[in-house]
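The block underneath contains the structure these notes are about, expressed in structure tokens.
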Amino acid sequence: MATIGTLSRQVATPLKAERHGDRSIASIAFLIALWVALAFAVVCLAVLLIDSFVKGLPRLDSNLLTRYSSQVIPESAGARAAILGSMWVIVTTAVLAIPLGVSAAIYLEEFANPRRWYNRLIEVNLQNLAAVPAIVYGMLTAGFALAVGLRRGIVLAAGIALALLILPVIIITTREALRAVPAEIRDGSLALGATPLQTVWRQTLPSAIPGIATGTILALSRALGEAAPLLLLGGLVFINYDPDGLFSGFTTLPIQIFDWTGRPEDAFKEVASATIIVLLVLLLAMNALAIIIRNRYQKRW
Amino acid sequence: MATYTTTDTSQKTGTPMATDAQSTSDVSSDGAPSKAMFEPSANSRRSGTLREKPNPLIECDDLSIFYGDFRAVSGISMVFGKNEITALIGPSGCGKSTVLRTLNRMNDLIPGTRVEGRVSYHGQDMYGKEVDPIEVRRRIGMVFQKPNPFPKSVYDNVAYGPKVTGMKVADMDGLVEDALRGAALWDEVKDKLKQSAFGLSGGQQQRLCIARTIAVKPEVILMDEPCSALDPIATSRVEDLMSELRDEYTIIIVTHNMQQAARVADRTAFFTAQAAEGNGDRTGQLVEYDTTLNIFGNPADKRTEAYISGRFG
């Protein structure tokens, strides 16, 4: 009977949670602090966005997309050269960075023996490279261009600098995507007598492509918003021609925005705000694409 | 008394092993009652043609397997017979899966694995310098514990092996059909060959994996607990399939399920883990290897008897 007595006493005790302290002053204060931090971030972002939209919307017209920048009449200056320049640079970056990054990741994930010291060294340095400031890659590329006798301010140099910048990110996300492919798939393929290379090419890589695409697009959208290394390379600001090749001079949206916002005329500030909207739309579109790819091709193992 | 003598069994199954049974019958006279639970099924060898000694196809001679410095399995010597089903049983961590993966060099894929002793296939040293592990795996296929179809269609799952191994196939459709029929799956999937293999049930997926394996026409199929992720009905279908495949293939199966070994296997090997002196690492070793009838009816080793009667493991 003692058991039943204990049991009924347990049931009779009210299920109140006071003792666990979720309503103590300290925890409420902590919760408020979290909210304030979040609100600060959101408010800052909102102010920036609203400011850009209010200033930029009147200038968001066809002039912005079709005309070149102008020192003489800022009221009708456009970002045509910057939009095209950004596209040239980003495509060059993608062409350079994706094959290199994916191949490096495949080697590290599928073939490298983690017991070898040089593979571990590469591993550690990869994490460090991802944290190197962007401008350092600009300097590196400038030095490289000087060494091989190229001009710095060309599309190719910008592509190299940005590709170096995002290479570690692409390698890391690709490795994560490859690692997410279950070992059973590899084992199944190898047990049938497929070679390791066939297994990577026909099983692991196709399964990992959604993850690789997502990571790559996010990395490219970071490169698209980058100004520092390109400024160092000497991206041009007032150009009135379309870039037409890898050795053409260029400007990009972030450089153009940076330059315009530094000028005293109000008209330049307006066109800068309008260009910020264009850049934001492009970035959001790329991130949306990454999310769509991730959701549509997500594998349920 | 529920004493189970081998003489009874040999009469039931008609296997000509009476002489064997008589010579050892006194060992089983202490008769643990639970032995009858694992009475080898009459199906395990319908025709009663089991040879006294296996016709050697794969031979292990003093085989030891190491993971780095850790000795996982020690001193295994056994012969796997052609066109027989051999079961490896034993408690967890006794090294039976490790031994199985050594037989088609899947263990090579785990860095730091080392093999001592000799494994031979048709008399050739499987770990010889000139041996290509890819070629070994083409001849000795493997089915895994968890059904692992590729994220492709049913058809492509089966056609994958012949394509990557460069088999000269005049009629791929026919080959796919044959493999699926061989795995007793054709009737269930013939209308959804182009659909994803992930749409099949677990049991169908496992039979698809078997179909995929036989599509490359191996000589041996290794199965690593092939039914542990399946329900009883799917399990019995896979077991029936194994019995059918025995005529063409040699099957070596690791199982945790003693009834399964008793039902399907011609011969059974019992492994256990022995704590090493000194560091206390547990090393797997072979305790007893005999016909399934003897292992379950009349084990020679006390440890085997304790295991099959459910006293440990």
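Labeling convention for the structure tokens: chains A, B, ... as they appear, residues from 1 per chain, ligands from 1 in order of appearance.
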Mind checking which residues fall within 10 Å of region 201-218 of chain A, counting only C-alpha atoms, ignoring those fewer than 2 positions away in the same chain, and posting them as a VMD selection string? (chain A and resid 94 97 to 98 101 to 102 106 110 166 to 167 169 to 183 185 to 186 188 to 189 194 to 199 220 to 224 283 286 to 299) or (chain B and resid 150 to 152 160 164)
Residues from last step as file, C-alpha atoms, as a tab-separated table (two decimals), in the first residue's frame:
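File produced: part-v7.tsv:
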chain	number	residue	atom	x	y	z
A	94	ALA	CA	32.66	31.13	-61.48
A	97	ALA	CA	36.61	28.88	-59.00
A	98	ILE	CA	34.03	26.12	-59.50
A	101	GLY	CA	37.17	24.18	-55.87
A	102	VAL	CA	35.09	21.11	-56.65
A	106	ILE	CA	36.78	15.71	-54.27
A	110	GLU	CA	37.40	11.01	-51.42
A	166	ILE	CA	35.73	32.24	-52.59
A	167	LEU	CA	37.78	29.12	-53.33
A	169	VAL	CA	34.32	28.54	-49.19
A	170	ILE	CA	33.54	26.44	-52.27
A	171	ILE	CA	35.93	23.72	-51.17
A	172	ILE	CA	34.47	23.59	-47.67
A	173	THR	CA	30.82	23.51	-48.78
A	174	THR	CA	31.55	20.95	-51.50
A	175	ARG	CA	33.26	18.70	-48.99
A	176	GLU	CA	30.26	18.99	-46.71
A	177	ALA	CA	27.95	18.07	-49.59
A	178	LEU	CA	30.12	15.06	-50.46
A	179	ARG	CA	30.26	13.99	-46.83
A	180	ALA	CA	26.47	14.08	-46.66
A	181	VAL	CA	26.27	11.35	-49.31
A	182	PRO	CA	25.89	8.15	-47.27
A	183	ALA	CA	28.86	5.78	-47.17
A	185	ILE	CA	26.16	4.46	-51.64
A	186	ARG	CA	29.94	4.38	-52.11
A	188	GLY	CA	27.41	-0.37	-52.85
A	189	SER	CA	29.13	0.96	-55.93
A	194	ALA	CA	33.29	0.02	-59.82
A	195	THR	CA	36.57	1.91	-59.49
A	196	PRO	CA	36.82	4.73	-56.94
A	197	LEU	CA	36.84	7.23	-59.80
A	198	GLN	CA	33.70	5.75	-61.36
A	199	THR	CA	32.07	5.82	-57.94
A	220	LEU	CA	29.36	33.81	-55.77
A	221	SER	CA	26.84	36.17	-54.27
A	222	ARG	CA	29.45	37.10	-51.69
A	223	ALA	CA	31.91	37.76	-54.49
A	224	LEU	CA	29.32	39.88	-56.27
A	283	LEU	CA	21.88	39.23	-54.46
A	286	MET	CA	20.94	34.50	-56.27
A	287	ASN	CA	20.17	33.52	-52.68
A	288	ALA	CA	16.62	32.62	-53.66
A	289	LEU	CA	17.99	30.42	-56.43
A	290	ALA	CA	20.22	28.67	-53.91
A	291	ILE	CA	17.25	28.04	-51.61
A	292	ILE	CA	15.12	26.76	-54.50
A	293	ILE	CA	17.83	24.34	-55.58
A	294	ARG	CA	18.30	23.16	-52.03
A	295	ASN	CA	14.61	22.52	-51.49
A	296	ARG	CA	13.87	20.97	-54.82
A	297	TYR	CA	16.75	18.52	-54.96
A	298	GLN	CA	17.08	17.80	-51.29
A	299	LYS	CA	17.75	14.06	-51.01
B	150	PHE	CA	21.43	4.05	-55.60
B	151	PRO	CA	19.34	7.21	-56.00
B	152	LYS	CA	18.41	6.10	-59.50
B	160	TYR	CA	24.88	0.19	-63.16
B	164	VAL	CA	30.84	0.34	-64.88
What residues in region 224-266 of chain B get the DSSP label alpha helix (DSSP H)? Please answer as a PDB file with C-alpha atoms, in the first residue's frame.
ATOM      1  CA  PRO B 232       9.669 -11.189 -40.947  1.00  0.00           C
ATOM      2  CA  ILE B 233       7.794 -11.553 -44.238  1.00  0.00           C
ATOM      3  CA  ALA B 234      10.479  -9.762 -46.239  1.00  0.00           C
ATOM      4  CA  THR B 235      13.076 -11.784 -44.347  1.00  0.00           C
ATOM      5  CA  SER B 236      11.494 -15.056 -45.361  1.00  0.00           C
ATOM      6  CA  ARG B 237      11.402 -13.945 -49.009  1.00  0.00           C
ATOM      7  CA  VAL B 238      15.106 -13.122 -48.912  1.00  0.00           C
ATOM      8  CA  GLU B 239      15.846 -16.446 -47.221  1.00  0.00           C
ATOM      9  CA  ASP B 240      13.901 -18.335 -49.897  1.00  0.00           C
ATOM     10  CA  LEU B 241      15.877 -16.416 -52.465  1.00  0.00           C
ATOM     11  CA  MET B 242      19.164 -17.450 -50.886  1.00  0.00           C
ATOM     12  CA  SER B 243      18.172 -21.097 -51.124  1.00  0.00           C
ATOM     13  CA  GLU B 244      17.366 -20.624 -54.805  1.00  0.00           C
ATOM     14  CA  LEU B 245      20.612 -18.788 -55.508  1.00  0.00           C
ATOM     15  CA  MET B 258      20.490 -17.886 -35.139  1.00  0.00           C
ATOM     16  CA  GLN B 259      17.202 -19.193 -36.482  1.00  0.00           C
ATOM     17  CA  GLN B 260      18.140 -17.684 -39.826  1.00  0.00           C
ATOM     18  CA  ALA B 261      21.475 -19.495 -39.856  1.00  0.00           C
ATOM     19  CA  ALA B 262      19.697 -22.704 -38.889  1.00  0.00           C
ATOM     20  CA  ARG B 263      17.130 -22.211 -41.642  1.00  0.00           C
ATOM     21  CA  VAL B 264      19.329 -21.326 -44.598  1.00  0.00           C
TER      22      VAL B 264
END
Mind dumping a table of every chain B residue within 7 Å of chain A, with the nearest atom pair and its distance in Å to one decimal, using only C-alpha atoms, sorted by chain and rising number, as a Markdown table?
| residue | atom | partner | partner_atom | distance |
| --- | --- | --- | --- | --- |
| B:Ile134 | CA | A:Gly193 | CA | 5.1 |
| B:Glu135 | CA | A:Gly193 | CA | 6.5 |
| B:Arg137 | CA | A:Gly193 | CA | 4.9 |
| B:Arg138 | CA | A:Gly193 | CA | 4.4 |
| B:Gly141 | CA | A:Ala191 | CA | 5.8 |
| B:Met142 | CA | A:Ala191 | CA | 5.7 |
| B:Asn148 | CA | A:Glu184 | CA | 5.9 |
| B:Phe150 | CA | A:Ile185 | CA | 6.2 |
| B:Gly161 | CA | A:Leu192 | CA | 5.7 |
| B:Val164 | CA | A:Ala194 | CA | 5.6 |
| B:Thr165 | CA | A:Ala194 | CA | 6.1 |
| B:Thr213 | CA | A:Leu192 | CA | 6.4 |
For N, CA and C atoms, I'd like the residues from the last selection saved as a PDB file, in the first residue's frame.
ATOM      1  N   ILE B 134      39.678  -4.290 -57.313  1.00  0.00           N
ATOM      2  CA  ILE B 134      38.483  -4.044 -58.122  1.00  0.00           C
ATOM      3  C   ILE B 134      38.040  -5.356 -58.779  1.00  0.00           C
ATOM      4  N   GLU B 135      39.027  -6.102 -59.283  1.00  0.00           N
ATOM      5  CA  GLU B 135      38.725  -7.367 -59.943  1.00  0.00           C
ATOM      6  C   GLU B 135      38.165  -8.378 -58.937  1.00  0.00           C
ATOM      7  N   ARG B 137      36.400  -7.661 -56.339  1.00  0.00           N
ATOM      8  CA  ARG B 137      35.013  -7.297 -56.007  1.00  0.00           C
ATOM      9  C   ARG B 137      34.066  -7.593 -57.164  1.00  0.00           C
ATOM     10  N   ARG B 138      34.599  -7.647 -58.379  1.00  0.00           N
ATOM     11  CA  ARG B 138      33.726  -8.024 -59.492  1.00  0.00           C
ATOM     12  C   ARG B 138      33.334  -9.486 -59.409  1.00  0.00           C
ATOM     13  N   GLY B 141      30.730 -10.420 -54.919  1.00  0.00           N
ATOM     14  CA  GLY B 141      29.854  -9.276 -54.665  1.00  0.00           C
ATOM     15  C   GLY B 141      29.443  -9.214 -53.209  1.00  0.00           C
ATOM     16  N   MET B 142      28.762  -8.127 -52.864  1.00  0.00           N
ATOM     17  CA  MET B 142      28.400  -7.951 -51.463  1.00  0.00           C
ATOM     18  C   MET B 142      27.044  -7.284 -51.331  1.00  0.00           C
ATOM     19  N   ASN B 148      20.761  -0.516 -49.683  1.00  0.00           N
ATOM     20  CA  ASN B 148      21.385   0.731 -50.137  1.00  0.00           C
ATOM     21  C   ASN B 148      21.248   0.917 -51.647  1.00  0.00           C
ATOM     22  N   PHE B 150      20.927   2.753 -55.155  1.00  0.00           N
ATOM     23  CA  PHE B 150      21.427   4.047 -55.601  1.00  0.00           C
ATOM     24  C   PHE B 150      20.248   4.980 -55.843  1.00  0.00           C
ATOM     25  N   GLY B 161      26.010  -1.856 -62.471  1.00  0.00           N
ATOM     26  CA  GLY B 161      27.174  -2.738 -62.341  1.00  0.00           C
ATOM     27  C   GLY B 161      27.739  -3.164 -63.685  1.00  0.00           C
ATOM     28  N   VAL B 164      29.545  -0.127 -65.387  1.00  0.00           N
ATOM     29  CA  VAL B 164      30.836   0.337 -64.876  1.00  0.00           C
ATOM     30  C   VAL B 164      31.912  -0.731 -64.983  1.00  0.00           C
ATOM     31  N   THR B 165      31.511  -1.999 -64.954  1.00  0.00           N
ATOM     32  CA  THR B 165      32.547  -3.020 -65.042  1.00  0.00           C
ATOM     33  C   THR B 165      32.897  -3.339 -66.486  1.00  0.00           C
ATOM     34  N   THR B 213      23.595  -7.073 -57.530  1.00  0.00           N
ATOM     35  CA  THR B 213      24.824  -7.838 -57.335  1.00  0.00           C
ATOM     36  C   THR B 213      24.933  -8.977 -58.348  1.00  0.00           C
TER      37      THR B 213
END
Just list the residues in region 70-193 of chain B DSSP gives strand (DSSP E or B) on the backbone, as a ChimeraX atom specification. /B:70-81,85-89,113-121,124-125,140-143,153
Quick one, how far is CA of Arg120 (chain A) from CA of Pro229 (chain A)?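 The value is 29.0 Å.
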Excluding Asp62 (chain B) and residues on its chain fewer than 4 positions from it, collect all residues at most 7 Å away from it, counting only C-alpha atoms, and give them as a list in words. Gly75, Ile76, Ser77, Gly117 and Arg118 of chain B
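Excluding Ser196 (chain B) itself and same-chain residues fewer than 5 positions from it, the residues having an atom within 12 Å of it are B:Pro149, B:Phe150, B:Pro151, B:Lys152, B:Ser153, B:Val154, B:Tyr155, B:Asp156, B:Asn157, B:Val189, B:Ser201, B:Gln205, B:Leu208, counting only C-alpha atoms.
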Selection near region 134-136 of chain A, 7 Å with only C-alpha atoms, sequence-local residues under 4 positions removed, as a list in words: Leu140, Leu165, Ala228 and Pro229 of chain A
The selected residues should be written to file as an mmCIF file, in the first residue's frame (atoms: N, CA and C atoms).
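So the final result, stored in selection.cif, reads:
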data_model
loop_
_atom_site.group_PDB
_atom_site.id
_atom_site.type_symbol
_atom_site.label_atom_id
_atom_site.label_comp_id
_atom_site.auth_asym_id
_atom_site.auth_seq_id
_atom_site.Cartn_x
_atom_site.Cartn_y
_atom_site.Cartn_z
ATOM 1 N N LEU A 140 47.439 40.094 -53.545
ATOM 2 C CA LEU A 140 48.094 38.926 -54.128
ATOM 3 C C LEU A 140 47.951 38.940 -55.649
ATOM 4 N N LEU A 165 39.306 34.382 -53.477
ATOM 5 C CA LEU A 165 38.563 34.734 -52.270
ATOM 6 C C LEU A 165 37.537 33.661 -51.909
ATOM 7 N N ALA A 228 36.417 45.578 -51.981
ATOM 8 C CA ALA A 228 37.781 45.888 -51.539
ATOM 9 C C ALA A 228 38.874 45.376 -52.476
ATOM 10 N N PRO A 229 38.879 44.071 -52.817
ATOM 11 C CA PRO A 229 40.003 43.595 -53.644
ATOM 12 C C PRO A 229 39.993 44.231 -55.027
#
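Of the listed residues (B:Leu57, B:Val216, B:Val99, B:Val119), B:Val99 comes nearest to Ala269 (chain B); the distances count only C-alpha atoms.
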Using only C-alpha atoms, which residues sit within 10 Å of Ser120 (chain B) once same-chain residues fewer than 5 positions away are excluded, as a list in words? Pro56, Leu57, Ile58, Glu59, Cys60, Asp61, Val79, Leu103, Asp125, Met126, Tyr127 and Gly128 of chain B
Serialized selection, N, CA and C atoms, as a PDB file, in the first residue's frame:
ATOM      1  N   PRO B  56      36.530 -26.567 -51.816  1.00  0.00           N
ATOM      2  CA  PRO B  56      37.085 -25.249 -51.473  1.00  0.00           C
ATOM      3  C   PRO B  56      36.978 -24.216 -52.590  1.00  0.00           C
ATOM      4  N   LEU B  57      36.459 -23.042 -52.237  1.00  0.00           N
ATOM      5  CA  LEU B  57      36.439 -21.926 -53.170  1.00  0.00           C
ATOM      6  C   LEU B  57      37.245 -20.774 -52.576  1.00  0.00           C
ATOM      7  N   ILE B  58      36.909 -20.419 -51.336  1.00  0.00           N
ATOM      8  CA  ILE B  58      37.693 -19.416 -50.619  1.00  0.00           C
ATOM      9  C   ILE B  58      38.272 -20.092 -49.385  1.00  0.00           C
ATOM     10  N   GLU B  59      39.556 -19.898 -49.182  1.00  0.00           N
ATOM     11  CA  GLU B  59      40.185 -20.508 -48.015  1.00  0.00           C
ATOM     12  C   GLU B  59      40.900 -19.447 -47.200  1.00  0.00           C
ATOM     13  N   CYS B  60      40.651 -19.455 -45.897  1.00  0.00           N
ATOM     14  CA  CYS B  60      41.395 -18.574 -44.995  1.00  0.00           C
ATOM     15  C   CYS B  60      42.391 -19.433 -44.252  1.00  0.00           C
ATOM     16  N   ASP B  61      43.632 -18.975 -44.205  1.00  0.00           N
ATOM     17  CA  ASP B  61      44.645 -19.752 -43.511  1.00  0.00           C
ATOM     18  C   ASP B  61      45.335 -18.851 -42.492  1.00  0.00           C
ATOM     19  N   VAL B  79      37.447 -23.020 -44.559  1.00  0.00           N
ATOM     20  CA  VAL B  79      37.269 -23.220 -45.999  1.00  0.00           C
ATOM     21  C   VAL B  79      35.810 -22.974 -46.329  1.00  0.00           C
ATOM     22  N   LEU B 103      36.868 -10.827 -47.247  1.00  0.00           N
ATOM     23  CA  LEU B 103      36.787 -11.811 -48.322  1.00  0.00           C
ATOM     24  C   LEU B 103      36.587 -11.183 -49.698  1.00  0.00           C
ATOM     25  N   ASP B 125      46.308 -16.163 -54.012  1.00  0.00           N
ATOM     26  CA  ASP B 125      46.349 -15.300 -52.842  1.00  0.00           C
ATOM     27  C   ASP B 125      45.599 -14.005 -53.148  1.00  0.00           C
ATOM     28  N   MET B 126      44.503 -13.780 -52.406  1.00  0.00           N
ATOM     29  CA  MET B 126      43.651 -12.617 -52.687  1.00  0.00           C
ATOM     30  C   MET B 126      44.348 -11.311 -52.313  1.00  0.00           C
ATOM     31  N   TYR B 127      45.321 -11.382 -51.407  1.00  0.00           N
ATOM     32  CA  TYR B 127      46.033 -10.178 -50.985  1.00  0.00           C
ATOM     33  C   TYR B 127      47.423 -10.104 -51.604  1.00  0.00           C
ATOM     34  N   GLY B 128      47.637 -10.857 -52.680  1.00  0.00           N
ATOM     35  CA  GLY B 128      48.919 -10.790 -53.368  1.00  0.00           C
ATOM     36  C   GLY B 128      49.140  -9.418 -53.990  1.00  0.00           C
TER      37      GLY B 128
END
For Phe271 (chain B), which residue out of B:Leu286, B:Met167, B:Val176, B:Ala211 is the nearest one, using only C-alpha atoms? B:Leu286
Just to confirm, what's the straight-line distance from CA of Ser248 (chain A) to CA of Val155 (chain A) in Å (one decimal)?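 Value for the CA of Ser248 (chain A)-CA of Val155 (chain A) distance: 6.0 Å.
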So, counting only C-alpha atoms, which residue among A:Ile276, A:Ala82, A:Val200, A:Leu282 is closest to Asn240 (chain A)?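 When distances to Asn240 (chain A) are compared using only C-alpha atoms, the smallest one comes from A:Ala82.
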